[in-house]
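Structure first, then comments.
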Amino acid sequence: MSLSKNEIKLVKSLQIKKYRDLNRLFVVEGVKLVQELLQQTHFKIDGIFYTKDFEESIPNNIHSFEITNSELERISGLKNPNRVLAVVKYPTEQPIDFTADNLVLVLDNVNDPGNLGTIIRTADWFGIKQIIASVATVDLFNPKVIQASMGAVYRIRFYRTNLTTAVQELSENGFEVVGAALGGKNLYHKAFAKKIALVMGSESHGISSELEPFISEMVLIPQFGKTESLNVAMASGIILSHYKSVHN
């Protein structure tokens with residue numbers, strides 16, 4: 001059965017944040033991301049649209065529709081669609097776990113979707129379970145974020161909230177709040193506590209001034225070469241690696 005105009009319109013509209021929020025739905029595309037989606041339980045699938053050469057078994061309780069390559073191209077946001085597209089429901093919101101004995105990553109106005117997706121993927125690699133982001137941080141369900149996360153988005157608990165309040169609560173619940181900034185202490189001379197809230201600032205403006213009163217110490221990744229700067233995703237990965245080298 002061919003896709004209706006309304007179905008095409010709905011799926012294509014999910015490329016835009018306003019319509020994702022309105023319908024509380026987002027899109028996952030590509031074989032690998034959909035395969036991982038089918039193996040997890042946190043996100044509920046609203047429907048799957050697949051071409052005949054998609055070989056993954058889809059459970060009977062999930063609405064699924066075989067479509068043509070041409071139809072997939074019409075609803076896809078990718079330049080080269082890859083056999084399958086899933087429409088997924090927003091997850092049920094959960095409270096931040098302030099009792100966790102682990103690093104919590106705090107993102108202050110990270111605007112680039114590729115960077116956010118890479119940060120999520122890197123955090124998952126290092127076993128980080130919670131990311132708290134400012135309301136101005138790029139939307140988690142932006143298709144470019146989903147793609148760049150390579151499935152890690154399914155395993156990280158992501159919260160978008162008032163960051164000043166969240167950082168204050170983290171501090172009150174025993175987390176040492178550490179920021180990454182120029183002029184900070186050499187990262188490799190920092191003795192990380194187990195419960196750390198690591199604040200990473202935006203690519204262009206750094207950490208917001210309203211967060212600074214809650215930050216006990218700033219750290220700096222020392223430079224040994226000539227490159228002018230690191231993007232926030234690279235910097236996050238380096239700091240997380242050092243944290244895990246101390247608490248592994």
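Starting from 1 in every chain, residues are counted up; chains themselves are A, B, ... following the order of the structure tokens, and ligands are numbered from 1 as listed.
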
Do a neighbour search on region 151-158 of chain A at 7 Å with only C-alpha atoms, toss out local chain neighbours closer than 6 positions, and write the hits as a list in words.
Leu33, Glu36, His42, Ile120, Arg121, Asp124, Lys129, Gln130, Ile131 and Ile132 of chain A

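The shortest atom-to-atom distance to Leu107 (chain A), with only C-alpha atoms taken into account, belongs to A:Val178 out of A:Ile67, A:Val84, A:Leu37, A:Val178.
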
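If you look at CA of Asp97 (chain A) and CA of Ala193 (chain A), they are 17.5 Å away from each other.
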
Spatial neighbours of Thr122 (chain A), max dist 10 Å, only C-alpha atoms, sep filter under 6 positions, as a ChimeraX atom specification
/A:116,128,149,152,233-234,236-238,240-241

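Each of A:Glu7, A:Val106, A:Gly174, A:Asp46 was compared to Arg74 (chain A) using only C-alpha atoms, and A:Glu7 turns out to be the nearest.
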
Looking only at the backbone, which of the residues in region 12-107 of chain A does DSSP tag as alpha helix (DSSP H), as a list in words?
Lys12, Ser13, Lys17, Lys18, Tyr19, Arg20, Asp21, Leu22, Asn23, Val31, Lys32, Leu33, Val34, Gln35, Glu36, Leu37, Leu38, Asn69, Ser70, Glu71, Leu72, Glu73, Arg74 and Ile75 of chain A

Option closest in space to Met218 (chain A), from A:Ile16, A:Val11, A:Ala181, A:Val199 [counting only C-alpha atoms]
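Using only C-alpha atoms, Met218 (chain A) sits closest to A:Ala181.
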
Given the choices A:Leu78, A:Leu220, A:Ala86, A:Val34, which gets closest to Ser64 (chain A) if the distance is worked out from only C-alpha atoms?
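Distance minimum relative to Ser64 (chain A) lands on A:Ala86.
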
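Inside region 12-87 of chain A, the residues DSSP reads as strand (DSSP E or B) when given the backbone are Leu25, Phe26, Val27, Val28, Glu29, Ile45, Asp46, Gly47, Ile48, Phe49, Tyr50, Ser64, Phe65, Glu66, Val84, Leu85, Ala86 and Val87 of chain A.
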
Could you take the residues named above and write them with C-alpha atoms, as a short mmCIF file (atom, residue, chain, number, x, y, z; two decimals), in the first residue's frame?
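Writing done, so here's out-v3.cif:
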```
data_model
loop_
_atom_site.label_atom_id
_atom_site.label_comp_id
_atom_site.auth_asym_id
_atom_site.auth_seq_id
_atom_site.Cartn_x
_atom_site.Cartn_y
_atom_site.Cartn_z
CA LEU A 25 7.77 12.11 17.68
CA PHE A 26 11.19 12.00 16.05
CA VAL A 27 12.87 10.13 13.19
CA VAL A 28 15.62 7.49 13.22
CA GLU A 29 17.12 6.53 9.87
CA ILE A 45 8.50 2.91 18.23
CA ASP A 46 5.47 4.47 16.57
CA GLY A 47 6.10 2.94 13.14
CA ILE A 48 8.76 1.62 10.78
CA PHE A 49 8.93 2.25 7.04
CA TYR A 50 11.25 -0.14 5.22
CA SER A 64 5.54 -1.51 9.99
CA PHE A 65 5.06 -0.68 6.33
CA GLU A 66 6.97 -1.89 3.30
CA VAL A 84 14.64 1.98 6.66
CA LEU A 85 13.16 4.87 8.65
CA ALA A 86 11.53 4.66 12.07
CA VAL A 87 9.20 7.15 13.72
#
```

Rank nothing, just name the residue among A:Gln35, A:Thr92, A:Asn109, A:Thr164 nearest to Glu55 (chain A), using only C-alpha atoms.
A:Gln35

For CA of Phe175 (chain A) and CA of Gly201 (chain A), determine how far apart the two atoms are, in Å to one decimal place.
18.1 Å

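Here CA of His205 (chain A) is placed at a distance of 12.2 Å from CA of Ala180 (chain A).
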
Which residues come within 10 Å of Phe98 (chain A), counting only C-alpha atoms, excluding same-chain residues fewer than 5 positions away, as a PyMOL selection string?
chain A and resi 104+166+169-175+195

Could you write out the selected residues, including C-alpha atoms, as a PDB file, in the first residue's frame?
```pdb
ATOM      1  CA  VAL A 104      27.492  13.734  35.216  1.00  0.00           C
ATOM      2  CA  ALA A 166      20.533  21.766  38.090  1.00  0.00           C
ATOM      3  CA  GLU A 169      21.347  20.814  43.034  1.00  0.00           C
ATOM      4  CA  LEU A 170      24.301  18.732  41.897  1.00  0.00           C
ATOM      5  CA  SER A 171      26.568  20.707  44.211  1.00  0.00           C
ATOM      6  CA  GLU A 172      24.138  20.322  47.109  1.00  0.00           C
ATOM      7  CA  ASN A 173      24.052  16.556  46.503  1.00  0.00           C
ATOM      8  CA  GLY A 174      27.777  16.046  46.855  1.00  0.00           C
ATOM      9  CA  PHE A 175      29.014  16.532  43.309  1.00  0.00           C
ATOM     10  CA  LYS A 195      31.150  12.327  41.929  1.00  0.00           C
TER      11      LYS A 195
END
```

From A:Ala235, A:Leu163, A:Val138, A:Ile75, residue lying nearest Lys17 (chain A) [only C-alpha atoms]
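Among A:Ala235, A:Leu163, A:Val138, A:Ile75, it is A:Val138 that comes nearest to Lys17 (chain A).
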
List the neighbours of Tyr243 (chain A) out to 10 Å using only C-alpha atoms; skip same-chain residues closer than 4 positions along the sequence, and give me the result as an MDAnalysis selection string.
chainID A and resid 102:103 126 187:188 190:194 196 237:239 247:248

Non-local contacts of Lys44 (chain A) (9 Å; only C-alpha atoms; under 5 positions in same chain excluded) as a list in words:
Leu37, Val88, Lys89, Tyr90 and Pro91 of chain A
